[in-house]
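query.txt follows (compact mmCIF, C-alpha atoms):
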```
# COMPACT_ATOMS: atom_id res chain seq x y z
CA MET N 692 50.82 -10.52 18.12
CA ARG N 693 48.61 -7.51 17.61
CA ARG N 694 44.95 -7.62 16.59
CA GLU N 695 43.82 -4.77 14.39
CA ALA N 696 40.44 -3.22 13.73
CA SER N 697 38.49 -5.60 11.55
CA MET N 698 35.64 -5.29 9.11
CA THR N 699 35.06 -9.03 8.98
CA GLN N 700 33.45 -10.88 11.86
CA PRO N 701 35.40 -13.82 13.33
CA ILE N 702 34.81 -17.05 11.44
CA GLU N 703 33.13 -18.57 14.49
CA LEU N 704 30.43 -15.88 14.38
CA ILE N 705 30.13 -16.09 10.60
CA LEU N 706 29.47 -19.82 10.81
CA LEU N 707 27.01 -19.40 13.70
CA ARG N 708 25.12 -16.81 11.69
CA GLN N 709 24.95 -19.18 8.74
CA TRP N 710 23.87 -22.01 11.02
CA SER N 711 21.15 -19.86 12.55
CA THR N 712 19.61 -19.13 9.16
CA TYR N 713 18.94 -22.86 8.86
CA GLN N 714 17.23 -23.08 12.27
CA ALA N 715 13.48 -22.99 12.71
CA ILE N 716 13.81 -21.87 16.34
CA PRO N 717 14.57 -18.22 17.10
CA VAL N 718 18.30 -17.51 17.49
CA TRP N 719 20.16 -14.35 18.55
CA LEU N 720 23.84 -13.79 17.87
CA MET N 721 25.62 -11.25 20.04
CA ASP N 722 29.20 -10.03 20.03
CA ALA N 723 31.38 -9.74 23.11
CA GLU N 724 30.21 -6.16 23.69
CA GLY N 725 26.60 -7.31 23.85
CA ASP N 726 25.56 -5.84 20.52
CA LEU N 727 22.93 -7.93 18.75
CA LEU N 728 24.74 -8.71 15.52
CA PHE N 729 22.14 -10.92 13.93
CA TYR N 730 18.89 -12.74 14.55
CA ASN N 731 17.24 -15.23 12.29
CA GLU N 732 13.87 -15.27 10.61
CA ALA N 733 12.26 -17.23 13.42
CA ALA N 734 13.49 -14.63 15.89
CA GLU N 735 12.05 -11.85 13.75
CA ALA N 736 8.60 -13.34 14.25
CA VAL N 737 9.03 -13.53 18.02
CA LEU N 738 10.65 -10.14 18.42
CA GLY N 739 8.35 -8.31 16.05
CA LEU N 740 11.25 -6.71 14.22
CA ARG N 741 12.86 -7.56 10.89
CA TYR N 742 16.64 -7.83 10.85
CA VAL N 743 16.99 -6.16 7.48
CA GLU N 744 15.18 -3.12 8.87
CA ALA N 745 16.82 -3.00 12.30
CA GLY N 746 20.37 -4.11 11.45
CA VAL N 747 22.78 -4.37 14.35
CA ILE N 748 21.16 -3.35 17.63
CA HIS N 749 23.58 -1.94 20.15
CA ALA N 750 23.58 -3.30 23.68
CA ASN N 751 22.33 -0.01 25.14
CA ASP N 752 19.27 -0.05 22.88
CA LEU N 753 18.25 -3.65 23.52
CA ALA N 754 16.59 -3.07 26.89
CA GLU N 755 14.46 -0.32 25.40
CA LEU N 756 13.40 -2.37 22.39
CA PHE N 757 12.68 -5.57 24.31
CA GLN N 758 11.37 -4.82 27.79
CA THR N 759 11.98 -7.85 29.98
CA THR N 760 10.27 -8.88 33.21
CA ALA N 761 9.80 -12.01 35.29
CA LEU N 762 6.66 -14.01 34.63
CA ASP N 763 4.90 -12.23 37.50
CA GLY N 764 5.75 -8.87 35.98
CA SER N 765 8.48 -7.96 38.47
CA ALA N 766 11.76 -6.47 37.30
CA VAL N 767 14.69 -8.77 36.52
CA PRO N 768 18.17 -7.41 37.29
CA THR N 769 20.13 -7.09 34.07
CA GLU N 770 22.92 -9.27 35.38
CA GLU N 771 20.46 -12.14 35.83
CA LEU N 772 19.33 -12.24 32.21
CA PRO N 773 20.54 -15.42 30.47
CA VAL N 774 22.27 -13.56 27.65
CA VAL N 775 24.06 -11.29 30.10
CA ILE N 776 25.21 -14.27 32.17
CA ALA N 777 26.53 -15.95 29.02
CA LEU N 778 28.34 -12.80 27.99
CA THR N 779 29.77 -11.70 31.32
CA GLN N 780 30.26 -14.93 33.24
CA ARG N 781 30.99 -16.99 30.11
CA ILE N 782 28.77 -19.85 31.22
CA PRO N 783 25.51 -21.18 29.77
CA ALA N 784 22.28 -19.98 31.33
CA HIS N 785 18.57 -20.61 31.04
CA GLY N 786 15.61 -18.53 32.08
CA GLU N 787 11.89 -18.06 31.66
CA LEU N 788 10.89 -14.47 31.03
CA ARG N 789 8.18 -12.27 29.72
CA ILE N 790 9.14 -9.67 27.13
CA LYS N 791 7.34 -6.81 25.51
CA THR N 792 8.60 -6.64 21.97
CA ALA N 793 9.12 -3.80 19.55
CA ASP N 794 5.64 -4.29 18.08
CA GLY N 795 4.06 -3.99 21.54
CA ALA N 796 3.19 -7.67 21.96
CA GLY N 797 3.81 -9.52 25.23
CA ARG N 798 5.44 -12.93 25.01
CA HIS N 799 6.37 -15.70 27.41
CA LEU N 800 9.79 -17.05 26.44
CA HIS N 801 12.13 -19.78 27.56
CA ILE N 802 15.63 -18.56 26.81
CA THR N 803 18.84 -20.58 26.68
CA ALA N 804 22.08 -18.70 26.13
CA PHE N 805 25.66 -19.92 25.84
CA PRO N 806 28.96 -18.11 25.36
CA VAL N 807 30.91 -18.28 22.11
CA GLU N 808 34.47 -19.19 23.02
CA GLY N 809 36.55 -19.19 19.85
CA LEU N 810 39.92 -20.62 19.00
CA SER N 811 42.96 -18.93 20.50
CA GLU N 812 40.98 -18.32 23.71
CA ARG N 813 38.90 -15.52 22.21
CA HIS N 814 35.63 -14.66 23.94
CA LEU N 815 33.56 -13.68 20.94
CA GLY N 816 30.03 -13.24 22.23
CA ALA N 817 26.97 -15.32 22.96
CA VAL N 818 24.14 -17.16 21.29
CA ALA N 819 20.60 -17.11 22.67
CA MET N 820 17.80 -19.42 21.60
CA PHE N 821 14.15 -18.85 22.39
CA TRP N 822 11.13 -21.07 22.81
CA GLU N 823 7.82 -19.29 23.01
CA GLU N 824 5.07 -20.48 25.28
CA PRO N 825 1.59 -19.35 24.34
CA ILE N 826 0.13 -16.88 26.84
CA PRO N 827 -3.29 -18.12 27.89
CA MET O 722 57.76 -8.91 -3.59
CA ARG O 723 58.25 -11.99 -5.73
CA ILE O 724 55.83 -14.93 -5.59
CA GLU O 725 56.87 -18.30 -6.95
CA LEU O 726 54.34 -21.12 -7.20
CA SER O 727 56.01 -24.43 -6.46
CA GLY O 728 53.13 -26.73 -5.54
CA THR O 729 49.62 -25.87 -6.71
CA ARG O 730 47.75 -29.14 -6.29
CA GLY O 731 45.23 -29.79 -3.54
CA SER O 732 44.34 -32.81 -1.43
CA LEU O 733 46.81 -35.26 -2.97
CA ALA O 734 49.92 -35.02 -5.13
CA ALA O 735 49.05 -35.91 -8.70
CA ALA O 736 52.23 -36.41 -10.70
CA GLY O 737 51.94 -37.74 -14.22
CA PRO O 738 51.94 -36.77 -17.87
CA GLY O 739 48.50 -35.18 -17.53
CA THR O 740 49.53 -32.71 -14.83
CA VAL O 741 52.87 -31.44 -16.08
CA GLY O 742 51.45 -28.04 -16.99
CA TYR O 743 49.77 -27.11 -13.72
CA GLY O 744 51.97 -29.30 -11.58
CA GLY O 745 51.38 -32.33 -9.43
CA ASP O 746 52.93 -31.20 -6.16
CA THR O 747 50.73 -30.07 -3.29
CA ALA O 748 50.59 -26.57 -1.87
CA SER O 749 53.78 -24.61 -1.41
CA ILE O 750 54.73 -21.10 -2.45
CA LEU O 751 57.86 -19.04 -1.98
CA VAL O 752 57.53 -15.32 -1.31
CA THR O 753 60.70 -13.24 -1.30
CA ALA O 754 60.98 -9.60 -0.37
CA GLU O 755 64.08 -7.57 0.39
CA GLY O 756 66.18 -10.67 0.96
CA ARG O 757 63.62 -12.34 3.20
CA SER O 758 62.26 -15.76 2.26
CA ILE O 759 58.83 -16.87 3.39
CA VAL O 760 57.36 -20.20 2.37
CA LEU O 761 53.59 -20.58 2.42
CA ASP O 762 52.59 -24.14 3.28
CA ALA O 763 54.71 -27.26 3.20
CA GLY O 764 53.05 -29.55 0.71
CA SER O 765 55.22 -31.70 -1.50
CA GLY O 766 56.08 -28.58 -3.52
CA ILE O 767 58.29 -27.35 -0.68
CA ARG O 768 60.95 -29.97 -1.43
CA ARG O 769 62.46 -28.10 -4.37
CA LEU O 770 62.33 -24.80 -2.47
CA GLY O 771 64.95 -26.18 -0.10
CA ASP O 772 67.55 -25.63 -2.80
CA VAL O 773 66.26 -22.14 -3.55
CA VAL O 774 66.73 -20.88 0.01
CA ALA O 775 69.99 -22.76 0.66
CA GLY O 776 72.71 -20.42 1.88
CA GLN O 777 70.33 -18.11 3.72
CA ASP O 778 70.48 -17.93 7.49
CA ARG O 779 66.73 -18.00 8.08
CA VAL O 780 63.55 -19.10 6.40
CA ASP O 781 59.99 -18.81 7.71
CA VAL O 782 57.35 -21.39 6.83
CA LEU O 783 53.76 -20.28 7.34
CA LEU O 784 51.32 -23.19 7.55
CA THR O 785 47.66 -22.49 6.92
CA HIS O 786 46.58 -25.72 8.57
CA LEU O 787 47.77 -29.22 9.21
CA HIS O 788 46.00 -31.31 6.61
CA MET O 789 48.49 -33.66 5.02
CA ASP O 790 48.65 -31.92 1.65
CA HIS O 791 49.95 -28.82 3.45
CA ILE O 792 52.59 -30.45 5.67
CA GLN O 793 53.68 -33.62 3.93
CA GLY O 794 56.74 -31.94 2.38
CA LEU O 795 58.06 -30.57 5.66
CA GLY O 796 60.19 -33.62 6.33
CA PHE O 797 61.76 -33.27 2.89
CA PHE O 798 62.61 -29.57 3.16
CA GLY O 799 66.41 -29.51 3.26
CA PRO O 800 66.81 -26.55 5.64
CA MET O 801 64.97 -28.50 8.37
CA PHE O 802 68.10 -30.64 8.67
CA ASP O 803 70.68 -27.89 8.14
CA PRO O 804 71.83 -26.43 11.48
CA SER O 805 73.18 -23.35 9.72
CA ILE O 806 69.67 -22.24 8.74
CA GLU O 807 67.05 -21.23 11.26
CA VAL O 808 63.69 -22.57 10.17
CA HIS O 809 60.74 -20.89 11.85
CA VAL O 810 57.49 -22.76 11.34
CA TRP O 811 54.27 -20.87 12.05
CA GLY O 812 50.83 -22.43 12.16
CA PRO O 813 47.69 -23.00 14.17
CA GLY O 814 47.53 -25.15 17.26
CA SER O 815 44.21 -26.40 18.56
CA PRO O 816 42.31 -25.75 21.78
CA LYS O 817 44.03 -28.73 23.41
CA PHE O 818 47.31 -29.25 21.55
CA THR O 819 50.27 -27.10 20.53
CA LEU O 820 51.57 -26.88 17.00
CA GLU O 821 54.51 -29.08 18.02
CA GLN O 822 52.23 -31.74 19.46
CA LEU O 823 50.10 -31.75 16.33
CA LEU O 824 53.02 -31.78 13.87
CA SER O 825 54.67 -34.53 15.88
CA ARG O 826 51.86 -36.86 14.94
CA TYR O 827 53.34 -36.85 11.44
CA LEU O 828 56.98 -35.99 12.13
CA SER O 829 57.67 -38.95 14.39
CA PRO O 830 57.91 -42.73 14.02
CA PRO O 831 56.24 -44.74 12.65
CA LEU O 832 55.08 -42.22 10.03
CA PHE O 833 58.46 -40.47 9.76
CA PRO O 834 61.92 -41.59 10.93
CA VAL O 835 62.90 -38.33 12.64
CA HIS O 836 61.05 -36.60 15.48
CA VAL O 837 60.50 -32.88 15.09
CA ARG O 838 62.16 -32.17 18.47
CA GLU O 839 65.42 -33.63 17.14
CA LEU O 840 65.66 -30.81 14.60
CA SER O 841 67.67 -28.28 16.56
CA SER O 842 67.40 -25.35 14.20
CA VAL O 843 63.62 -25.55 13.87
CA VAL O 844 61.53 -23.13 15.93
CA LEU O 845 57.78 -23.67 16.10
CA HIS O 846 55.35 -20.81 16.68
CA ASP O 847 51.73 -21.38 17.68
CA THR O 848 50.02 -18.73 15.62
CA ASP O 849 46.90 -16.81 16.58
CA PRO O 850 44.87 -14.28 14.58
CA GLY O 851 46.65 -10.94 14.39
CA SER O 852 49.74 -9.39 12.82
CA PHE O 853 53.47 -9.78 13.23
CA GLU O 854 56.60 -8.70 11.41
CA LEU O 855 59.08 -10.91 9.58
CA GLY O 856 61.79 -8.41 8.71
CA PRO O 857 60.24 -5.95 6.25
CA VAL O 858 57.15 -8.11 5.75
CA THR O 859 54.00 -7.62 7.78
CA VAL O 860 52.12 -10.88 8.16
CA THR O 861 48.43 -10.69 9.01
CA THR O 862 46.53 -13.85 9.71
CA ASP O 863 43.04 -14.90 10.70
CA TYR O 864 40.96 -18.04 10.90
CA VAL O 865 38.98 -18.78 7.74
CA CYS O 866 36.24 -21.17 6.73
CA HIS O 867 37.70 -24.66 6.34
CA PRO O 868 37.25 -27.76 8.53
CA GLY O 869 39.60 -27.59 11.52
CA ALA O 870 41.65 -24.61 12.63
CA THR O 871 42.78 -22.97 9.38
CA LEU O 872 44.55 -19.66 8.91
CA GLY O 873 44.63 -17.42 5.87
CA TYR O 874 47.60 -15.08 5.41
CA ARG O 875 48.13 -11.59 4.07
CA LEU O 876 51.72 -10.47 3.42
CA SER O 877 52.45 -6.78 2.99
CA VAL O 878 55.69 -5.00 2.20
CA ASN O 879 56.42 -1.52 0.87
CA GLY O 880 52.84 -0.84 -0.16
CA THR O 881 52.39 -4.14 -1.98
CA SER O 882 50.41 -7.08 -0.70
CA MET O 883 49.33 -10.62 -1.41
CA ALA O 884 46.85 -12.94 0.26
CA TYR O 885 46.97 -16.70 0.45
CA LEU O 886 43.82 -18.70 1.18
CA PRO O 887 44.43 -22.06 -0.49
CA ASP O 888 41.71 -23.94 1.39
CA HIS O 889 38.67 -21.76 1.81
CA GLU O 890 34.92 -22.18 1.52
CA PRO O 891 33.47 -18.72 2.13
CA ALA O 892 30.25 -19.76 0.39
CA LEU O 893 29.44 -22.44 2.96
CA GLY O 894 25.81 -22.06 3.98
CA VAL O 895 25.44 -18.68 2.28
CA GLU O 896 22.17 -18.45 0.37
CA HIS O 897 23.29 -15.67 -1.95
CA PHE O 898 27.06 -15.67 -2.31
CA PRO O 899 28.96 -13.44 -1.96
CA GLU O 900 27.68 -11.97 1.27
CA GLN O 901 28.49 -8.45 2.40
CA PRO O 902 32.14 -8.06 3.54
CA GLU O 903 31.36 -8.17 7.26
CA TRP O 904 30.01 -11.69 6.91
CA THR O 905 32.46 -13.03 4.32
CA SER O 906 35.16 -15.28 5.70
CA GLY O 907 38.64 -13.88 5.02
CA PHE O 908 37.49 -10.56 3.59
CA ASP O 909 39.90 -8.46 5.67
CA LEU O 910 42.83 -10.58 4.56
CA MET O 911 41.94 -10.37 0.89
CA ALA O 912 40.59 -6.83 0.56
CA GLY O 913 42.50 -4.83 -2.01
CA VAL O 914 45.55 -7.07 -2.30
CA ASP O 915 47.64 -6.99 -5.45
CA VAL O 916 47.61 -10.77 -5.72
CA LEU O 917 45.09 -13.20 -4.25
CA ILE O 918 45.96 -16.89 -4.33
CA HIS O 919 42.67 -18.65 -3.66
CA ASP O 920 41.12 -22.06 -3.56
CA ALA O 921 39.37 -23.06 -6.81
CA GLN O 922 39.22 -26.80 -6.42
CA TYR O 923 35.81 -27.66 -7.76
CA THR O 924 33.50 -27.24 -10.69
CA ASP O 925 29.93 -26.30 -9.82
CA ASP O 926 28.80 -29.91 -10.26
CA GLU O 927 31.55 -31.22 -7.98
CA TYR O 928 30.76 -28.63 -5.33
CA ALA O 929 27.13 -29.71 -5.23
CA GLU O 930 28.30 -33.06 -3.88
CA ARG O 931 31.10 -31.72 -1.66
CA GLN O 932 29.66 -28.80 0.26
CA GLY O 933 31.28 -28.50 3.65
CA TRP O 934 34.54 -30.09 2.55
CA GLY O 935 36.18 -26.68 2.81
CA HIS O 936 36.80 -25.68 -0.79
CA SER O 937 35.53 -23.28 -3.44
CA THR O 938 34.47 -23.46 -7.03
CA PHE O 939 36.08 -21.43 -9.78
CA ASP O 940 33.03 -19.18 -9.86
CA GLN O 941 33.16 -18.62 -6.12
CA ALA O 942 36.85 -17.72 -6.36
CA LEU O 943 36.01 -15.20 -9.09
CA ASP O 944 33.16 -13.77 -6.99
CA VAL O 945 35.30 -13.38 -3.91
CA ALA O 946 38.09 -11.76 -5.91
CA GLU O 947 35.63 -9.24 -7.30
CA LEU O 948 34.13 -8.55 -3.88
CA CYS O 949 37.59 -7.95 -2.44
CA GLU O 950 38.68 -5.78 -5.38
CA VAL O 951 41.99 -7.59 -5.85
CA GLY O 952 44.51 -6.81 -8.55
CA SER O 953 44.86 -10.37 -9.75
CA LEU O 954 43.47 -13.78 -8.84
CA VAL O 955 45.55 -16.92 -8.97
CA THR O 956 43.40 -20.05 -8.93
CA PHE O 957 44.95 -22.69 -6.72
CA HIS O 958 44.57 -26.03 -4.93
CA HIS O 959 43.63 -27.84 -8.11
CA ASP O 960 41.72 -31.04 -7.62
CA PRO O 961 43.94 -34.09 -8.18
CA GLY O 962 41.37 -35.33 -10.68
CA HIS O 963 41.67 -32.23 -12.87
CA ASP O 964 44.28 -32.68 -15.58
CA ASP O 965 45.92 -29.98 -17.68
CA GLY O 966 43.37 -30.29 -20.45
CA MET O 967 40.46 -29.75 -18.11
CA LEU O 968 42.12 -26.85 -16.29
CA ASP O 969 43.03 -25.21 -19.61
CA GLU O 970 39.44 -25.52 -20.77
CA ILE O 971 38.13 -23.91 -17.59
CA ALA O 972 40.75 -21.14 -17.81
CA ALA O 973 39.83 -20.47 -21.43
CA ALA O 974 36.16 -20.22 -20.52
CA ILE O 975 36.90 -17.80 -17.69
CA ALA O 976 39.09 -15.70 -19.97
CA THR O 977 36.15 -15.05 -22.30
CA HIS O 978 34.43 -12.99 -19.60
CA PRO O 979 35.42 -9.43 -18.77
CA LEU O 980 36.84 -9.41 -15.25
CA PRO O 981 37.73 -6.46 -13.04
CA PHE O 982 41.04 -8.13 -12.14
CA GLU O 983 43.75 -10.11 -13.88
CA PHE O 984 43.07 -13.84 -13.95
CA VAL O 985 46.10 -16.11 -13.55
CA PRO O 986 45.59 -19.88 -13.67
CA GLY O 987 47.91 -21.25 -10.99
CA ARG O 988 50.63 -23.26 -12.71
CA ALA O 989 53.66 -24.63 -10.88
CA GLY O 990 56.71 -22.59 -11.80
CA THR O 991 54.77 -19.37 -12.33
CA VAL O 992 56.60 -16.36 -10.95
CA ILE O 993 54.70 -13.17 -10.14
CA ASP O 994 56.48 -9.92 -9.37
CA VAL O 995 54.44 -7.40 -7.43
```
Rewrite the coordinates I just gave you, this time as structure tokens.
Amino acid sequence: MRREASMTQPIELILLRQWSTYQAIPVWLMDAEGDLLFYNEAAEAVLGLRYVEAGVIHANDLAELFQTTALDGSAVPTEELPVVIALTQRIPAHGELRIKTADGAGRHLHITAFPVEGLSERHLGAVAMFWEEPIP
Amino acid sequence: MRIELSGTRGSLAAAGPGTVGYGGDTASILVTAEGRSIVLDAGSGIRRLGDVVAGQDRVDVLLTHLHMDHIQGLGFFGPMFDPSIEVHVWGPGSPKFTLEQLLSRYLSPPLFPVHVRELSSVVLHDTDPGSFELGPVTVTTDYVCHPGATLGYRLSVNGTSMAYLPDHEPALGVEHFPEQPEWTSGFDLMAGVDVLIHDAQYTDDEYAERQGWGHSTFDQALDVAELCEVGSLVTFHHDPGHDDGMLDEIAAAIATHPLPFEFVPGRAGTVIDV
């Protein structure tokens, strides 16, 4: 059975997007290529960027927009980021990171990410949820 | 392509004097194209289609999902028991069970006297999102918004097309429906088809109490048809509590509005040539 180019997102991602709009915690929704398809209103506040203005953010642009370090300021290898683990290893992951967001603010975040494994064994992407810890 | 509505009712068969016009049988449609017969869903409406396809050497039955109103006629579809006709049944499995295992829950004792594996001319196909050919007909399918694994279908042949989404709630959780196409369940299947057969089970008041049950209102069906720029919309999966009088009233109200597509209230026995 062949799969053709599609305009519509898979139903699993559509429902996750709808679910995320009802969540008060920040949620990211990424596709299997690592593009940030959607983030909810709570995530807008944390990331300093409105979804309606930014739209889809491609994987290559994410690192530039949201500079990520360990809590001590040291570099974190990309492959150790929770969202990257969820996307590439297809397992859930948790981490505590510091990010510098698009508006220049520094934030201390707890991040939990899990892969989206759809019906018919389709790896569809990942969801990341954030909890912000106030920086003293 | 010829489309014949045999069963148009949703959830539960509703035979009686009040449903003669729209029909009381549950979902089943016959699509014929260039000598090929494809049945969409196997609700109680499939029973009479057995006579229609008799004498052919193959018939394909495409199941959207395995709720009872979409499979309950399968055991009463004559070709299933006729070894001279190959019956190919397509439908979704689940992450843990095959289509055969799931159908066997119904087509086996004590719910049914015959086990599906005893039907030698029946071939079951676990169906995933994608496209495949049935003779001259290209079938495209994808998961759509309805509780449990549910497929919608698009059938295309010689530049004509129809889409069948009898159980579909694309408005679920959407603040301002309809959404843009990328985020609308089933959009690719429905976009630009000549005929869209779509769920229109509820009134607005009923929907308010049944969100998440997997069905649409009449207004939502109209909105999605407009978004998808279809040629005509056939309202389908009528609630068993909606009698002919009520459905006629709703159809008459819809017909007073200018629509960018043809509106066809789904009545059993309706034949549409595309």
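Nearest-residue note for Val844 of chain O: choosing from O:Leu876, O:Val810, O:Val914, O:Leu823, the minimum distance belongs to O:Val810, counting only C-alpha atoms.
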Per-residue nearest contacts of chain N to chain O (12 Å; all atoms listed in the file) as a tab-separated table:
```
residue	atom	partner	partner_atom	distance
N:Met692	CA	O:Ser852	CA	5.5
N:Arg693	CA	O:Gly851	CA	5.1
N:Arg694	CA	O:Gly851	CA	4.3
N:Glu695	CA	O:Gly851	CA	6.8
N:Ala696	CA	O:Asp909	CA	9.6
N:Ser697	CA	O:Asp909	CA	6.7
N:Met698	CA	O:Glu903	CA	5.5
N:Thr699	CA	O:Glu903	CA	4.2
N:Gln700	CA	O:Glu903	CA	5.7
N:Pro701	CA	O:Tyr864	CA	7.4
N:Ile702	CA	O:Val865	CA	5.8
N:Glu703	CA	O:Tyr864	CA	8.6
N:Leu704	CA	O:Trp904	CA	8.6
N:Ile705	CA	O:Trp904	CA	5.7
N:Leu706	CA	O:Cys866	CA	8.0
N:Leu707	CA	O:Gly894	CA	10.1
N:Arg708	CA	O:Trp904	CA	8.5
N:Gln709	CA	O:Gly894	CA	5.6
N:Trp710	CA	O:Gly894	CA	7.3
N:Ser711	CA	O:Gly894	CA	10.0
N:Thr712	CA	O:Gly894	CA	8.6
N:Tyr713	CA	O:Gly894	CA	8.5
N:Gln714	CA	O:Gly894	CA	12.0
N:Leu728	CA	O:Trp904	CA	10.5
N:Phe729	CA	O:Trp904	CA	10.6
N:Val747	CA	O:Glu903	CA	11.8
N:Glu808	CA	O:Pro816	CA	10.3
N:Gly809	CA	O:Pro816	CA	8.9
N:Leu810	CA	O:Pro816	CA	6.3
N:Ser811	CA	O:Asp849	CA	5.9
N:Glu812	CA	O:Pro816	CA	7.8
N:Arg813	CA	O:Pro850	CA	9.8
```
Selection to disk with C-alpha atoms, as a compact mmCIF listing (two decimals), keeping the file's coordinate frame:
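Result file is out00.txt:
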```txt
# COMPACT_ATOMS: atom_id res chain seq x y z
CA MET N 692 50.82 -10.52 18.12
CA ARG N 693 48.61 -7.51 17.61
CA ARG N 694 44.95 -7.62 16.59
CA GLU N 695 43.82 -4.77 14.39
CA ALA N 696 40.44 -3.22 13.73
CA SER N 697 38.49 -5.60 11.55
CA MET N 698 35.64 -5.29 9.11
CA THR N 699 35.06 -9.03 8.98
CA GLN N 700 33.45 -10.88 11.86
CA PRO N 701 35.40 -13.82 13.33
CA ILE N 702 34.81 -17.05 11.44
CA GLU N 703 33.13 -18.57 14.49
CA LEU N 704 30.43 -15.88 14.38
CA ILE N 705 30.13 -16.09 10.60
CA LEU N 706 29.47 -19.82 10.81
CA LEU N 707 27.01 -19.40 13.70
CA ARG N 708 25.12 -16.81 11.69
CA GLN N 709 24.95 -19.18 8.74
CA TRP N 710 23.87 -22.01 11.02
CA SER N 711 21.15 -19.86 12.55
CA THR N 712 19.61 -19.13 9.16
CA TYR N 713 18.94 -22.86 8.86
CA GLN N 714 17.23 -23.08 12.27
CA LEU N 728 24.74 -8.71 15.52
CA PHE N 729 22.14 -10.92 13.93
CA VAL N 747 22.78 -4.37 14.35
CA GLU N 808 34.47 -19.19 23.02
CA GLY N 809 36.55 -19.19 19.85
CA LEU N 810 39.92 -20.62 19.00
CA SER N 811 42.96 -18.93 20.50
CA GLU N 812 40.98 -18.32 23.71
CA ARG N 813 38.90 -15.52 22.21
```
Padding of 3 Å on every side, edges along x, y and z, all listed atoms of segment 708-723 of chain N included: what centre and edge lengths in Å, to one decimal, does that box have, as AutoDock Vina command-line options?
```
--center_x 22.4 --center_y -16.4 --center_z 15.9 --size_x 23.9 --size_y 19.3 --size_z 20.4
```
Within 7 Å of Leu751 of chain O, counting all atoms listed in the file, which residues show up once you throw out same-chain ones fewer than 3 positions away? Write them as a tab-separated table (two decimals) with C-alpha atoms, in the frame of the given file, please.
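Written file, part-v1.tsv:
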```tsv
chain	number	residue	atom	x	y	z
O	724	ILE	CA	55.83	-14.93	-5.59
O	725	GLU	CA	56.87	-18.30	-6.95
O	726	LEU	CA	54.34	-21.12	-7.20
O	758	SER	CA	62.26	-15.76	2.26
O	759	ILE	CA	58.83	-16.87	3.39
O	760	VAL	CA	57.36	-20.20	2.37
O	761	LEU	CA	53.59	-20.58	2.42
```
Residues within 10 Å of (6.9, -10.0, 25.9), counting only C-alpha atoms, listed as a PyMOL selection string
chain N and resi 737-738+757-760+762+788-800+823+826
Go ahead and save the picked residues with C-alpha atoms, as a short mmCIF file (atom, residue, chain, number, x, y, z; two decimals), in the frame of the given file.
```
data_model
loop_
_atom_site.label_atom_id
_atom_site.label_comp_id
_atom_site.auth_asym_id
_atom_site.auth_seq_id
_atom_site.Cartn_x
_atom_site.Cartn_y
_atom_site.Cartn_z
CA VAL N 737 9.03 -13.53 18.02
CA LEU N 738 10.65 -10.14 18.42
CA PHE N 757 12.68 -5.57 24.31
CA GLN N 758 11.37 -4.82 27.79
CA THR N 759 11.98 -7.85 29.98
CA THR N 760 10.27 -8.88 33.21
CA LEU N 762 6.66 -14.01 34.63
CA LEU N 788 10.89 -14.47 31.03
CA ARG N 789 8.18 -12.27 29.72
CA ILE N 790 9.14 -9.67 27.13
CA LYS N 791 7.34 -6.81 25.51
CA THR N 792 8.60 -6.64 21.97
CA ALA N 793 9.12 -3.80 19.55
CA ASP N 794 5.64 -4.29 18.08
CA GLY N 795 4.06 -3.99 21.54
CA ALA N 796 3.19 -7.67 21.96
CA GLY N 797 3.81 -9.52 25.23
CA ARG N 798 5.44 -12.93 25.01
CA HIS N 799 6.37 -15.70 27.41
CA LEU N 800 9.79 -17.05 26.44
CA GLU N 823 7.82 -19.29 23.01
CA ILE N 826 0.13 -16.88 26.84
#
```
I need the residue nearest Gly745 of chain O from this list: O:Pro961, O:Pro981, O:Gly776, O:Pro830. Use only C-alpha atoms for the distance.
O:Pro961
For Arg723 of chain O, work out the shell of residues within 9 Å, counting all atoms listed in the file and skipping chain neighbours fewer than 2 positions away, then give it as a list in words.
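Neighbouring residues, sequence-local ones excluded: Glu725, Leu751, Val752, Thr753, Ala754, Val992, Ile993, Asp994 and Val995 of chain O.
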With C-alpha atoms retained, export the selected residues as a PDB file, in the frame of the given file.
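Written output follows (part_30.pdb):
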```pdb
ATOM      1  CA  GLU O 725      56.870 -18.300  -6.950  1.00  0.00           C
ATOM      2  CA  LEU O 751      57.860 -19.040  -1.980  1.00  0.00           C
ATOM      3  CA  VAL O 752      57.530 -15.320  -1.310  1.00  0.00           C
ATOM      4  CA  THR O 753      60.700 -13.240  -1.300  1.00  0.00           C
ATOM      5  CA  ALA O 754      60.980  -9.600  -0.370  1.00  0.00           C
ATOM      6  CA  VAL O 992      56.600 -16.360 -10.950  1.00  0.00           C
ATOM      7  CA  ILE O 993      54.700 -13.170 -10.140  1.00  0.00           C
ATOM      8  CA  ASP O 994      56.480  -9.920  -9.370  1.00  0.00           C
ATOM      9  CA  VAL O 995      54.440  -7.400  -7.430  1.00  0.00           C
TER      10      VAL O 995
END
```
Which residue out of N:Leu778, N:Ile748, N:Val743, N:His785 has the minimum interatomic distance to Leu815 of chain N when all atoms listed in the file are used?
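Checking each of N:Leu778, N:Ile748, N:Val743, N:His785 against Leu815 of chain N, counting all atoms listed in the file, the winner is N:Leu778.
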List the spatial neighbours of segment 929-935 of chain O as an NGL selection string - criterion: any atom at most 6 Å away, all atoms listed in the file, same-chain residues fewer than 6 positions off excluded.
:O and (867-868 or 889-890)
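You will find atom CA of Leu980 of chain O at 12.9 Å from atom CA of Cys949 of chain O.
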Rounded to one decimal in Å, what is the spacing between atom CA of Asp926 of chain O and atom CA of Asn731 of chain N?
29.3 Å
